[in-house]
>>> print(open('start_2.cif').read())   # mmCIF, C-alpha atoms (C1' of nucleotides)
data_upload
loop_
_atom_site.label_atom_id
_atom_site.label_comp_id
_atom_site.auth_asym_id
_atom_site.auth_seq_id
_atom_site.Cartn_x
_atom_site.Cartn_y
_atom_site.Cartn_z
CA MET N 1 130.24 108.04 43.15
CA ALA N 2 133.17 106.91 45.29
CA LYS N 3 135.89 109.15 46.49
CA ARG N 4 137.07 111.22 43.54
CA GLN N 5 140.70 110.81 42.52
CA VAL N 6 143.38 113.44 42.00
CA ARG N 7 142.26 113.93 38.42
CA GLU N 8 141.37 117.19 36.72
CA GLU N 9 138.73 115.71 34.44
CA ALA N 10 135.53 114.39 35.90
CA GLU N 11 133.47 116.53 33.49
CA PRO N 12 133.33 116.04 29.69
CA VAL N 13 136.87 117.37 29.23
CA ALA N 14 137.09 120.45 27.06
CA VAL N 15 138.99 119.42 23.94
CA SER N 16 139.47 122.22 21.44
CA ASP N 17 137.52 121.68 18.24
CA ALA N 18 139.30 124.61 16.63
CA ALA N 19 141.19 122.41 14.20
CA LEU N 20 137.95 121.31 12.60
CA THR N 21 135.37 124.03 13.11
CA ARG N 22 136.82 125.99 10.23
CA PHE N 23 135.59 123.35 7.80
CA LEU N 24 132.09 123.05 6.53
CA GLY N 25 132.53 119.33 5.89
CA TYR N 26 132.85 118.77 9.63
CA HIS N 27 129.66 120.62 10.50
CA LEU N 28 127.80 119.11 7.58
CA LYS N 29 128.64 115.56 8.53
CA ARG N 30 127.73 116.03 12.18
CA ALA N 31 124.44 117.76 11.38
CA GLN N 32 123.57 115.15 8.80
CA THR N 33 124.22 112.31 11.23
CA VAL N 34 122.11 113.91 13.94
CA LEU N 35 119.26 114.91 11.65
CA MET N 36 119.02 111.56 9.90
CA GLY N 37 119.33 109.58 13.12
CA ASP N 38 116.62 111.69 14.68
CA MET N 39 114.38 111.48 11.64
CA ASN N 40 114.80 107.72 11.50
CA ALA N 41 113.71 107.57 15.12
CA ALA N 42 110.72 109.79 14.33
CA ILE N 43 109.36 107.49 11.62
CA ALA N 44 110.54 104.19 13.07
CA PRO N 45 107.13 103.70 14.72
CA LEU N 46 105.70 103.64 11.18
CA GLY N 47 108.19 100.98 10.14
CA LEU N 48 110.08 103.40 7.90
CA ARG N 49 113.62 104.70 7.62
CA MET N 50 114.67 107.80 5.70
CA ILE N 51 115.60 105.88 2.54
CA THR N 52 112.46 103.79 2.76
CA TYR N 53 110.30 106.86 3.27
CA SER N 54 112.02 108.58 0.34
CA ALA N 55 111.28 105.67 -1.96
CA LEU N 56 107.66 105.48 -0.82
CA ALA N 57 107.25 109.23 -1.26
CA MET N 58 108.65 109.15 -4.79
CA VAL N 59 106.37 106.28 -5.78
CA ALA N 60 103.35 107.91 -4.17
CA GLU N 61 103.92 111.16 -6.04
CA ASN N 62 105.16 109.61 -9.28
CA PRO N 63 102.94 106.58 -9.88
CA GLY N 64 104.23 104.38 -12.66
CA LEU N 65 107.87 105.21 -11.91
CA ARG N 66 110.47 102.67 -13.09
CA GLN N 67 113.02 101.26 -10.68
CA SER N 68 115.98 102.59 -12.60
CA HIS N 69 114.53 106.09 -12.63
CA LEU N 70 113.80 105.91 -8.93
CA ALA N 71 117.34 104.77 -8.24
CA ASP N 72 118.63 107.76 -10.23
CA ALA N 73 116.32 110.14 -8.38
CA LEU N 74 117.44 108.81 -5.00
CA SER N 75 121.08 108.69 -6.08
CA ILE N 76 121.43 105.07 -5.09
CA GLU N 77 122.54 102.07 -7.14
CA ARG N 78 119.93 99.84 -8.74
CA PRO N 79 120.91 96.74 -6.77
CA ASN N 80 120.50 98.57 -3.49
CA LEU N 81 117.03 99.74 -4.41
CA VAL N 82 115.82 96.18 -4.89
CA VAL N 83 115.79 95.27 -1.21
CA ILE N 84 114.14 98.58 -0.29
CA LEU N 85 111.31 97.91 -2.74
CA ASP N 86 111.09 94.28 -1.62
CA ASP N 87 110.41 95.58 1.87
CA LEU N 88 107.75 98.06 0.73
CA GLU N 89 106.13 95.48 -1.53
CA GLU N 90 106.06 92.72 1.09
CA ARG N 91 104.30 95.12 3.44
CA GLY N 92 101.70 95.88 0.80
CA LEU N 93 102.68 99.54 0.43
CA ILE N 94 103.61 99.44 -3.25
CA SER N 95 103.18 97.07 -6.15
CA ARG N 96 105.48 96.25 -9.05
CA ASP N 97 103.34 96.15 -12.20
CA ARG N 98 104.67 94.89 -15.50
CA VAL N 99 104.92 97.58 -18.16
CA PRO N 100 103.07 96.31 -21.28
CA THR N 101 105.27 98.28 -23.68
CA ASP N 102 108.52 97.12 -22.08
CA ARG N 103 108.24 93.80 -20.36
CA ARG N 104 111.67 94.16 -18.78
CA ALA N 105 110.51 97.03 -16.58
CA TYR N 106 108.23 97.42 -13.61
CA ALA N 107 105.90 100.36 -13.04
CA LEU N 108 105.95 101.16 -9.34
CA MET N 109 102.52 101.96 -7.93
CA PRO N 110 101.48 102.93 -4.42
CA THR N 111 98.71 100.85 -2.84
CA LEU N 112 95.97 102.46 -0.81
CA ALA N 113 97.81 101.47 2.35
CA GLY N 114 100.98 102.92 0.83
CA ARG N 115 99.34 106.28 0.18
CA LYS N 116 97.93 106.35 3.67
CA LEU N 117 101.24 105.54 5.31
CA TYR N 118 102.98 108.08 3.08
CA GLU N 119 100.66 110.80 4.33
CA GLU N 120 101.12 109.81 7.94
CA ALA N 121 104.87 109.65 7.54
CA THR N 122 105.00 112.97 5.72
CA ALA N 123 103.21 114.62 8.62
CA ALA N 124 105.65 113.01 11.04
CA VAL N 125 108.65 114.11 8.98
CA ALA N 126 107.34 117.66 8.63
CA ALA N 127 106.69 117.85 12.37
CA HIS N 128 110.13 116.51 13.07
CA GLU N 129 111.84 119.07 10.86
CA ALA N 130 109.74 121.86 12.29
CA ARG N 131 111.02 120.84 15.71
CA MET N 132 114.62 120.64 14.54
CA LEU N 133 114.40 124.08 12.95
CA ALA N 134 112.32 125.66 15.69
CA GLY N 135 114.72 128.48 16.48
CA VAL N 136 115.88 129.10 12.91
CA SER N 137 114.74 132.15 10.96
CA ALA N 138 113.07 131.88 7.56
CA GLU N 139 116.03 133.69 6.02
CA ASP N 140 118.48 131.17 7.44
CA ARG N 141 116.36 128.27 6.23
CA ALA N 142 116.33 129.68 2.73
CA ALA N 143 120.06 130.31 2.89
CA VAL N 144 120.73 126.71 3.86
CA LEU N 145 118.80 125.40 0.89
CA ARG N 146 120.73 127.72 -1.42
CA VAL N 147 124.08 126.57 -0.07
CA LEU N 148 123.23 122.87 -0.01
CA GLY N 149 122.01 123.20 -3.58
CA ALA N 150 125.23 124.92 -4.57
CA ILE N 151 127.29 122.14 -3.01
CA ARG N 152 125.22 119.47 -4.68
CA HIS N 153 125.24 121.03 -8.11
CA GLY N 154 128.35 123.16 -8.02
CA LYS N 155 130.37 120.00 -8.27
CA GLY N 156 130.83 118.47 -11.70
CA GLY N 157 131.65 121.62 -13.59
CA GLU N 158 134.91 122.29 -11.83
CA GLU N 159 137.09 119.28 -12.12
CA HIS N 160 136.70 115.93 -13.75
CA GLY N 161 139.53 113.89 -12.33
CA MET L 1 124.10 105.18 -30.66
CA ALA L 2 121.97 102.94 -32.86
CA LYS L 3 118.60 103.85 -34.20
CA ARG L 4 116.54 105.39 -31.37
CA GLN L 5 113.39 103.56 -30.40
CA VAL L 6 109.85 104.85 -30.02
CA ARG L 7 110.63 105.88 -26.46
CA GLU L 8 110.15 109.28 -24.92
CA GLU L 9 113.16 109.07 -22.66
CA ALA L 10 116.65 109.03 -24.12
CA GLU L 11 117.68 111.92 -21.87
CA PRO L 12 117.99 111.69 -18.05
CA VAL L 13 114.21 111.42 -17.68
CA ALA L 14 112.66 114.20 -15.66
CA VAL L 15 111.32 112.56 -12.51
CA SER L 16 109.67 114.98 -10.12
CA ASP L 17 111.61 115.43 -6.91
CA ALA L 18 108.75 117.40 -5.40
CA ALA L 19 107.93 114.68 -2.87
CA LEU L 20 111.34 115.13 -1.28
CA THR L 21 112.54 118.65 -1.88
CA ARG L 22 110.37 119.96 0.93
CA PHE L 23 112.56 118.16 3.43
CA LEU L 24 115.86 119.42 4.70
CA GLY L 25 117.04 115.89 5.44
CA TYR L 26 117.01 115.13 1.74
CA HIS L 27 119.14 118.12 0.80
CA LEU L 28 121.43 117.63 3.75
CA LYS L 29 122.16 114.03 2.92
CA ARG L 30 122.83 114.73 -0.77
CA ALA L 31 125.07 117.69 -0.04
CA GLN L 32 126.95 115.78 2.62
CA THR L 33 127.58 112.85 0.30
CA VAL L 34 128.83 115.10 -2.49
CA LEU L 35 130.98 117.29 -0.25
CA MET L 36 132.59 114.43 1.61
CA GLY L 37 133.19 112.40 -1.54
CA ASP L 38 134.75 115.39 -3.19
CA MET L 39 136.85 116.26 -0.17
CA ASN L 40 138.05 112.68 0.12
CA ALA L 41 139.14 112.86 -3.49
CA ALA L 42 140.90 116.17 -2.82
CA ILE L 43 143.07 114.75 -0.03
CA ALA L 44 143.42 111.20 -1.35
CA PRO L 45 146.73 112.16 -3.01
CA LEU L 46 148.01 112.83 0.52
CA GLY L 47 146.86 109.41 1.66
CA LEU L 48 144.12 110.89 3.82
CA ARG L 49 140.36 110.59 4.10
CA MET L 50 138.08 113.02 5.90
CA ILE L 51 138.02 111.02 9.15
CA THR L 52 141.75 110.42 8.97
CA TYR L 53 142.41 114.10 8.34
CA SER L 54 140.11 115.05 11.21
CA ALA L 55 141.99 112.81 13.62
CA LEU L 56 145.37 114.13 12.47
CA ALA L 57 144.15 117.70 12.78
CA MET L 58 142.90 117.18 16.30
CA VAL L 59 146.15 115.58 17.38
CA ALA L 60 148.22 118.28 15.70
CA GLU L 61 146.32 121.05 17.44
CA ASN L 62 145.82 119.24 20.76
CA PRO L 63 149.08 117.44 21.45
CA GLY L 64 148.83 115.01 24.31
CA LEU L 65 145.21 114.21 23.56
CA ARG L 66 143.90 110.86 24.85
CA GLN L 67 142.22 108.44 22.51
CA SER L 68 138.94 108.42 24.38
CA HIS L 69 138.77 112.22 24.30
CA LEU L 70 139.55 112.21 20.61
CA ALA L 71 136.82 109.67 19.97
CA ASP L 72 134.37 111.89 21.85
CA ALA L 73 135.47 114.97 19.91
CA LEU L 74 135.06 113.17 16.59
CA SER L 75 131.78 111.56 17.69
CA ILE L 76 133.01 108.10 16.83
CA GLU L 77 133.25 104.99 18.98
CA ARG L 78 136.55 104.13 20.64
CA PRO L 79 136.99 100.85 18.81
CA ASN L 80 136.61 102.57 15.44
CA LEU L 81 139.25 105.12 16.30
CA VAL L 82 141.85 102.43 16.90
CA VAL L 83 142.31 101.49 13.26
CA ILE L 84 142.41 105.14 12.22
CA LEU L 85 145.23 105.82 14.67
CA ASP L 86 146.97 102.57 13.69
CA ASP L 87 147.08 103.91 10.15
CA LEU L 88 148.43 107.32 11.19
CA GLU L 89 150.97 105.75 13.52
CA GLU L 90 152.23 103.18 11.01
CA ARG L 91 152.82 105.99 8.56
CA GLY L 92 154.83 107.88 11.16
CA LEU L 93 152.41 110.80 11.40
CA ILE L 94 151.57 110.45 15.07
CA SER L 95 152.92 108.59 18.07
CA ARG L 96 151.17 106.99 21.03
CA ASP L 97 153.12 107.90 24.13
CA ARG L 98 152.45 106.32 27.50
CA VAL L 99 151.08 108.74 30.07
CA PRO L 100 153.28 108.47 33.19
CA THR L 101 150.48 109.38 35.56
CA ASP L 102 148.03 106.90 34.03
CA ARG L 103 149.67 103.96 32.38
CA ARG L 104 146.41 102.81 30.82
CA ALA L 105 146.24 105.85 28.57
CA TYR L 106 148.14 107.06 25.55
CA ALA L 107 149.01 110.68 24.85
CA LEU L 108 148.67 111.26 21.14
CA MET L 109 151.46 113.36 19.66
CA PRO L 110 152.01 114.55 16.11
CA THR L 111 155.39 113.78 14.60
CA LEU L 112 157.22 116.31 12.47
CA ALA L 113 156.00 114.50 9.36
CA GLY L 114 152.52 114.55 10.85
CA ARG L 115 152.59 118.31 11.37
CA LYS L 116 153.86 118.84 7.87
CA LEU L 117 151.20 116.66 6.29
CA TYR L 118 148.54 118.30 8.44
CA GLU L 119 149.51 121.71 7.07
CA GLU L 120 149.53 120.48 3.49
CA ALA L 121 146.20 118.75 3.94
CA THR L 122 144.67 121.78 5.64
CA ALA L 123 145.61 123.92 2.67
CA ALA L 124 144.09 121.33 0.33
CA VAL L 125 140.90 121.14 2.36
CA ALA L 126 140.59 124.91 2.57
CA ALA L 127 141.13 125.23 -1.17
CA HIS L 128 138.58 122.54 -1.80
CA GLU L 129 135.94 124.21 0.34
CA ALA L 130 136.67 127.57 -1.20
CA ARG L 131 135.98 125.97 -4.57
CA MET L 132 132.78 124.32 -3.36
CA LEU L 133 131.52 127.59 -1.90
CA ALA L 134 132.77 129.81 -4.70
CA GLY L 135 129.39 131.33 -5.57
CA VAL L 136 128.06 131.52 -2.03
CA SER L 137 127.80 134.82 -0.17
CA ALA L 138 129.40 135.40 3.21
CA GLU L 139 125.93 135.85 4.71
CA ASP L 140 124.78 132.48 3.40
CA ARG L 141 127.92 130.79 4.69
CA ALA L 142 127.33 132.20 8.14
CA ALA L 143 123.67 131.21 7.99
CA VAL L 144 124.61 127.63 7.15
CA LEU L 145 126.87 127.35 10.14
CA ARG L 146 124.14 128.72 12.38
CA VAL L 147 121.59 126.22 11.09
CA LEU L 148 123.93 123.22 11.17
CA GLY L 149 124.86 124.16 14.71
CA ALA L 150 121.20 124.39 15.67
CA ILE L 151 120.52 120.96 14.22
CA ARG L 152 123.52 119.47 15.96
CA HIS L 153 122.82 120.98 19.35
CA GLY L 154 119.10 121.61 19.17
CA LYS L 155 118.60 117.91 19.59
CA GLY L 156 118.78 116.47 23.06
CA GLY L 157 116.71 119.11 24.81
CA GLU L 158 113.47 118.28 23.06
CA GLU L 159 112.78 114.64 23.53
CA HIS L 160 114.51 111.88 25.34
CA GLY L 161 112.75 108.75 24.08
"C1'" DT B 1 124.31 94.68 -28.54
"C1'" DA B 2 122.03 97.32 -24.78
"C1'" DT B 3 118.85 97.71 -20.88
"C1'" DT B 4 115.79 96.23 -16.62
"C1'" DG B 5 115.78 94.10 -12.64
"C1'" DT B 6 118.21 90.80 -9.97
"C1'" DT B 7 121.84 88.10 -7.34
"C1'" DA B 8 126.09 87.79 -5.20
"C1'" DT B 9 129.68 90.04 -3.21
"C1'" DA B 10 132.85 93.28 -1.18
"C1'" DC B 11 134.25 97.33 1.08
"C1'" DT B 12 133.29 101.08 4.23
"C1'" DC B 13 131.01 102.95 8.33
"C1'" DT B 14 129.08 102.35 12.57
"C1'" DA B 15 127.86 100.01 16.97
"C1'" DT B 16 128.30 96.62 20.89
"C1'" DA B 17 130.29 93.08 23.85
"C1'" DA B 18 134.11 91.41 25.99
"C1'" DC B 19 138.97 91.16 26.90
"C1'" DT B 20 143.83 93.21 29.11
"C1'" DA B 21 146.11 96.15 31.84
"C1'" DT B 22 145.91 99.37 34.69
"C1'" DA B 23 143.60 102.51 38.29
"C1'" DT E 1 134.87 98.28 40.64
"C1'" DA E 2 135.74 101.28 36.91
"C1'" DT E 3 138.41 103.10 32.97
"C1'" DA E 4 141.75 103.16 28.53
"C1'" DG E 5 142.69 100.88 24.76
"C1'" DT E 6 141.95 96.81 22.14
"C1'" DT E 7 139.82 92.76 19.63
"C1'" DA E 8 136.19 90.56 17.40
"C1'" DT E 9 132.01 90.93 15.31
"C1'" DA E 10 127.66 92.37 13.47
"C1'" DG E 11 124.84 95.54 11.07
"C1'" DA E 12 123.96 99.26 8.03
"C1'" DG E 13 125.21 101.76 3.65
"C1'" DT E 14 127.32 101.72 -0.75
"C1'" DA E 15 129.61 99.95 -4.96
"C1'" DT E 16 130.67 96.64 -8.89
"C1'" DA E 17 130.33 92.42 -11.78
"C1'" DA E 18 127.55 89.26 -13.90
"C1'" DC E 19 123.28 86.88 -14.95
"C1'" DA E 20 118.23 86.19 -17.10
"C1'" DA E 21 114.70 88.21 -19.62
"C1'" DT E 22 113.64 91.42 -22.88
"C1'" DA E 23 114.44 95.17 -26.18
#
>>> encode(input="start_2.cif", output="structure tokens")
Amino acid sequence: MAKRQVREEAEPVAVSDAALTRFLGYHLKRAQTVLMGDMNAAIAPLGLRMITYSALAMVAENPGLRQSHLADALSIERPNLVVILDDLEERGLISRDRVPTDRRAYALMPTLAGRKLYEEATAAVAAHEARMLAGVSAEDRAAVLRVLGAIRHGKGGEEHG
Amino acid sequence: MAKRQVREEAEPVAVSDAALTRFLGYHLKRAQTVLMGDMNAAIAPLGLRMITYSALAMVAENPGLRQSHLADALSIERPNLVVILDDLEERGLISRDRVPTDRRAYALMPTLAGRKLYEEATAAVAAHEARMLAGVSAEDRAAVLRVLGAIRHGKGGEEHG
DNA sequence: TATTGTTATACTCTATAACTATA
DNA sequence: TATAGTTATAGAGTATAACAATA
């Protein structure tokens, strides 16, 4: 609107990305941000976020799981898992049952409502990813999993400082 | 250490990931965390982090860049860029020069020290990524870039709510 | 003495509103 | 009135220390 000044850039301004596009870290971070933000939006109507869905999924498919094991599996710290499980428990999606043989620990169990929401959410997540990967070939999908696995596991054997 | 109780799990405890491994978001987040953490460690000796390196790289290869354009290019908010540039400027790696034709804006310029550090850091980053992708084929690397690009750009044309 | 879950806390990252100085 | 850069601030996400109960 208005009269348009003597400026070259009214459009997005083409800034060269060339300095960064050579690096996988750049692409990985951007894609991760977009995918997770979009996935969070996709399951927000169910009252879930990615981390919350992940915890629910693990409990649903590994009934009896201990909190410390779940934290390890999700690669998060034990203290940070507490509030996530508080949320799921308060909403009646999981329960924390005392373990008779080790009264320090809790066995995490999905409730019926938890299982139901897990299935709904899983369908939503699958649909979301199908949409995100609509134009991607099966070969490329497989390749991505190989590379992401290599990044995730490749580390640790190379340097230790 | 000590006597070993009557417990099945002294080792890492095999918890099934199956509930999550079907989803790309899971792999993407893990890989991103590992890669970025590792890259940050790789360039920490140079006093840089990934975001800090990215900003320096963009300035080095796009001298005269404005802050708002840089923020757009890095997909970060303008206010968050300020402290990053403060850091680079205080260390004498970039300068903020007034733009004569628009005295509101700053033209970001790399200093000589900035260019030098950028080249060092670029070598470190490239070496780091080469290490991370050591066992990955050229085809798989290309496939990853295709898929990450699809995720990053694929969004936005599908839904708008 | 070590471990499970918890609390408190801190540090980073990210996001928004509002200010200033210019346009 | 709108824009560039800034300030202040709030919210996630992530990390560590330390505590109570239990092993």
>>> interface_residues(input="start_2.cif", of="chain B", to="chain N", cutoff="9 Å", atoms="all atoms listed in the file", output="MDAnalysis selection string")
chainID B and resid 3:7
>>> residues_around(input="start_2.cif", residues="range 8-20 of chain E", least_positions_apart="3", cutoff="12 Å", atoms="all atoms listed in the file", output="count of residues only")
28
>>> residues_around(input="start_2.cif", residues="Met50 in chain L", least_positions_apart="6", cutoff="10 Å", atoms="only C-alpha atoms (C1' of nucleotides)", output="PyMOL selection string")
(chain N and resi 25-26) or (chain L and resi 36-44+56+125)
>>> resolve_selection(input="start_2.cif", expression="the PyMOL selection byres ((chain E) within 10 of (chain L))", output="list in words")
DT3, DA4, DG5, DT6, DT7 and DA23 of chain E
>>> resolve_selection(input="start_2.cif", expression="the PyMOL selection byres ((chain L) within 8 of (chain N))", output="MDAnalysis selection string")
chainID L and resid 13 15:20 23:25 27:32 34:36 54 57:58 61:62 69:70 73 125:126 129 132:133 135:136 140:141 143:152 154:155
>>> closest_residue(input="start_2.cif", among="N:His128, N:Ala107, N:Pro63, N:Thr52", to="Asp86 in chain N", atoms="all atoms listed in the file")
N:Thr52
>>> decode(input="start_2.cif", residues="range 116-136 of chain L", atoms="N, CA, C and O atoms", output="short mmCIF file (atom, residue, chain, number, x, y, z; two decimals), in the first residue's frame")
data_model
loop_
_atom_site.label_atom_id
_atom_site.label_comp_id
_atom_site.auth_asym_id
_atom_site.auth_seq_id
_atom_site.Cartn_x
_atom_site.Cartn_y
_atom_site.Cartn_z
N LYS L 116 38.92 -14.44 9.03
CA LYS L 116 39.90 -15.48 9.36
C LYS L 116 39.24 -16.58 10.22
O LYS L 116 39.39 -17.77 9.94
N LEU L 117 38.50 -16.13 11.23
CA LEU L 117 37.85 -17.12 12.09
C LEU L 117 36.80 -17.90 11.32
O LEU L 117 36.64 -19.10 11.53
N TYR L 118 36.11 -17.22 10.42
CA TYR L 118 35.10 -17.91 9.60
C TYR L 118 35.75 -19.04 8.80
O TYR L 118 35.20 -20.13 8.72
N GLU L 119 36.92 -18.76 8.23
CA GLU L 119 37.58 -19.80 7.44
C GLU L 119 38.04 -20.97 8.30
O GLU L 119 37.87 -22.14 7.93
N GLU L 120 38.59 -20.64 9.45
CA GLU L 120 38.99 -21.70 10.39
C GLU L 120 37.80 -22.55 10.79
O GLU L 120 37.84 -23.78 10.79
N ALA L 121 36.72 -21.85 11.16
CA ALA L 121 35.53 -22.54 11.66
C ALA L 121 34.90 -23.38 10.56
O ALA L 121 34.43 -24.49 10.80
N THR L 122 34.91 -22.86 9.34
CA THR L 122 34.34 -23.60 8.22
C THR L 122 35.09 -24.91 8.00
O THR L 122 34.49 -25.96 7.76
N ALA L 123 36.42 -24.84 8.12
CA ALA L 123 37.21 -26.05 7.99
C ALA L 123 36.86 -27.04 9.10
O ALA L 123 36.72 -28.25 8.86
N ALA L 124 36.69 -26.51 10.31
CA ALA L 124 36.35 -27.38 11.45
C ALA L 124 34.98 -28.02 11.26
O ALA L 124 34.80 -29.22 11.53
N VAL L 125 34.04 -27.23 10.78
CA VAL L 125 32.68 -27.73 10.57
C VAL L 125 32.67 -28.78 9.47
O VAL L 125 32.05 -29.84 9.60
N ALA L 126 33.38 -28.49 8.39
CA ALA L 126 33.44 -29.44 7.28
C ALA L 126 34.07 -30.75 7.72
O ALA L 126 33.60 -31.84 7.39
N ALA L 127 35.15 -30.63 8.50
CA ALA L 127 35.82 -31.84 9.00
C ALA L 127 34.89 -32.62 9.92
O ALA L 127 34.82 -33.85 9.85
N HIS L 128 34.17 -31.89 10.74
CA HIS L 128 33.24 -32.54 11.65
C HIS L 128 32.16 -33.30 10.90
O HIS L 128 31.87 -34.47 11.21
N GLU L 129 31.59 -32.66 9.89
CA GLU L 129 30.52 -33.33 9.14
C GLU L 129 31.06 -34.50 8.33
O GLU L 129 30.39 -35.51 8.17
N ALA L 130 32.27 -34.35 7.83
CA ALA L 130 32.88 -35.47 7.11
C ALA L 130 33.02 -36.68 8.04
O ALA L 130 32.77 -37.82 7.64
N ARG L 131 33.37 -36.40 9.28
CA ARG L 131 33.49 -37.47 10.27
C ARG L 131 32.13 -38.09 10.56
O ARG L 131 31.98 -39.32 10.59
N MET L 132 31.13 -37.24 10.74
CA MET L 132 29.79 -37.74 11.08
C MET L 132 29.21 -38.58 9.94
O MET L 132 28.41 -39.49 10.17
N LEU L 133 29.58 -38.23 8.70
CA LEU L 133 29.01 -38.92 7.54
C LEU L 133 29.98 -39.90 6.92
O LEU L 133 29.82 -40.30 5.76
N ALA L 134 30.98 -40.27 7.69
CA ALA L 134 32.07 -41.11 7.16
C ALA L 134 31.56 -42.35 6.40
O ALA L 134 31.99 -42.63 5.30
N GLY L 135 30.61 -43.07 7.00
CA GLY L 135 30.19 -44.33 6.38
C GLY L 135 29.00 -44.19 5.45
O GLY L 135 28.42 -45.19 5.03
N VAL L 136 28.63 -42.96 5.13
CA VAL L 136 27.41 -42.74 4.35
C VAL L 136 27.73 -42.51 2.87
O VAL L 136 28.61 -41.71 2.55
#
